[in-house]
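Below is one structure; the comments refer to it alone.
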Amino acid sequence: MSEIRVRASSWGSLFDCASRWEGEHILGMRKPSGFRAQLGTAVHAGTAAFDQATLDGAPISIDDAAEVFVDTLHHPEQEVDYSQDDLKPREGEAIGLKLLARYCSTIAPTMDYQSVEMPLEPLVIDCGHGILVRLTGTMDRARVAHVDGRKIIPDIKTGARVIANGVVSTQGRAAQLGAYQLMSENTDGEPTDGAQIIGLQTTASANVGVSRIFDAKRVMVGTETEKGLIEYAAVMFQTGLFPPNPQSQLCSPKYCARWGKCMYHE
């Protein structure tokens with residue numbers, strides 16, 4: 001048997017460009033992240049500190065959460081290429097502080113969180129032909145919440161395009177959120193009833209919002225008439241064929257460590 005370890009948080013990118021995913025997660029190809037990615041990491045750290053303190057019964061102030069944000073922003077754990085993005089650190093800090101304040105004051109109080117970045121028990125998927133995929137990790141940036149008695153997986157997403165015309169987009173999020181739903185159920189035995197996106201827009205307007213609840217797990221496991229993404233992924237792992245997608249929005253040297261050796265984007 002051959003076992004491949006996959007972080008659940010990476011599952012969604014497998015279906016954006018499988019070749020880029022293989023380069024990063026199978027072949028170990030890496031490149032520095034941009035400042036916008038670091039801004040997202042810092043915003044998530046601040047929101048997680050705020051939410052976890054509330055769950056622990058020892059709430060902290062927005063200013064306290066802001067200190068976590070600022071410290072994370074200016075002390076990255078991984079290499080950051082500040083030339084990748086058109087956003088300066090001072091501008092990014094101002095946007096992040098505004099987003100954090102809006103999240104803590106308008107969104108967090110409306111959410112009945114049960115856990116923050118829940119540690120997950122590994123979930124093994126048998127792809128056939130002696131290939132096992134072991135999903136591991138925590139629900140990075142995601143929460144477990146109860147909505148009208150239902151267990152929901154909300155995931156915080158940052159970026160310039162997470163909100164359009166006042167609506168938080170769920171497009172392209174089902175693979176990652178579906179993996180979280182499955183792994184959460186595997187961890188605590190409690191069924192999930194959907195997922196949703198908490199959108200924090202990293203532009204000067206710093207808009208925030210919450211998406212509709214959607215069934216991401218269905219996309220992963222399929223229905224009686226449609227195959228799920230797990231079945232399609234199993235074919236990739238069985239054959240070792242990870243197809244490229246030169247029309248991906250992330251098909252550029254900025255985002256792909258495999259760009260220099262890939263002929264398909266020409």
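Ligands are numbered from 1 in the order shown, residues from 1 within each chain, and chains are lettered A, B, ... in the order they appear in the structure tokens.
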Give me, as a list in words, all polymer residues having an atom no more than 6 Å from Ser211 of chain A, counting only C-alpha atoms and skipping those fewer than 4 positions away in the same chain. Val168, Gln196 and Ile197 of chain A
Selection: 10 Å around Ser205 of chain A, only C-alpha atoms, excl. self and same-chain fewer than 4 positions, as a PyMOL selection string: chain A and resi 95+98-99+160+201
Per-residue DSSP, segment 143-208 of chain A, filtered to alpha helix (DSSP H), as a PyMOL selection string: chain A and resi 174-188
Between atom CA of Arg143 of chain A and atom CA of Leu200 of chain A, what is the distance in Å, rounded to a tenth?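 The value is 15.0 Å.
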As a list in words, please: the residues near Glu22 of chain A (cut-off 10 Å, only C-alpha atoms, same-chain neighbours under 3 positions excluded).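 Here the qualifying residues turn out to be Ser13, Leu14, Cys17, Ala18, Ser19, His25, Ile26, Leu27, Gly28, Met29, Gly240, Leu241, Phe242, Pro243, Pro244 and Arg258 of chain A.
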Spatial neighbours of Ala37 of chain A, 9 Å, only C-alpha atoms, chain gap at least 3 places, as a PyMOL selection string: chain A and resi 33-34+40-42+80+158-159
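With only C-alpha atoms as the atoms that count, the residue of A:Ala206, A:Ala49, A:Cys127, A:Ala174 with the shortest distance to Glu231 of chain A is A:Cys127.
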Residues of segment 107-255 of chain A in strand (DSSP E or B) according to DSSP, as JSON, numbers by chain? {"A": [113, 114, 115, 116, 119, 123, 124, 125, 126, 127, 128, 131, 132, 133, 134, 135, 136, 138, 142, 143, 144, 145, 146, 147, 150, 151, 152, 153, 154, 155, 156, 157, 158, 159, 163, 164, 167, 168, 195, 196, 197, 198, 199, 200, 201, 208, 209, 210, 214, 222, 227]}
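Omitting Ser248 of chain A and its sequence neighbours fewer than 3 positions away, and counting only C-alpha atoms, the residues within 7 Å are Asp16, Cys17, Asn245 and Cys251 of chain A.
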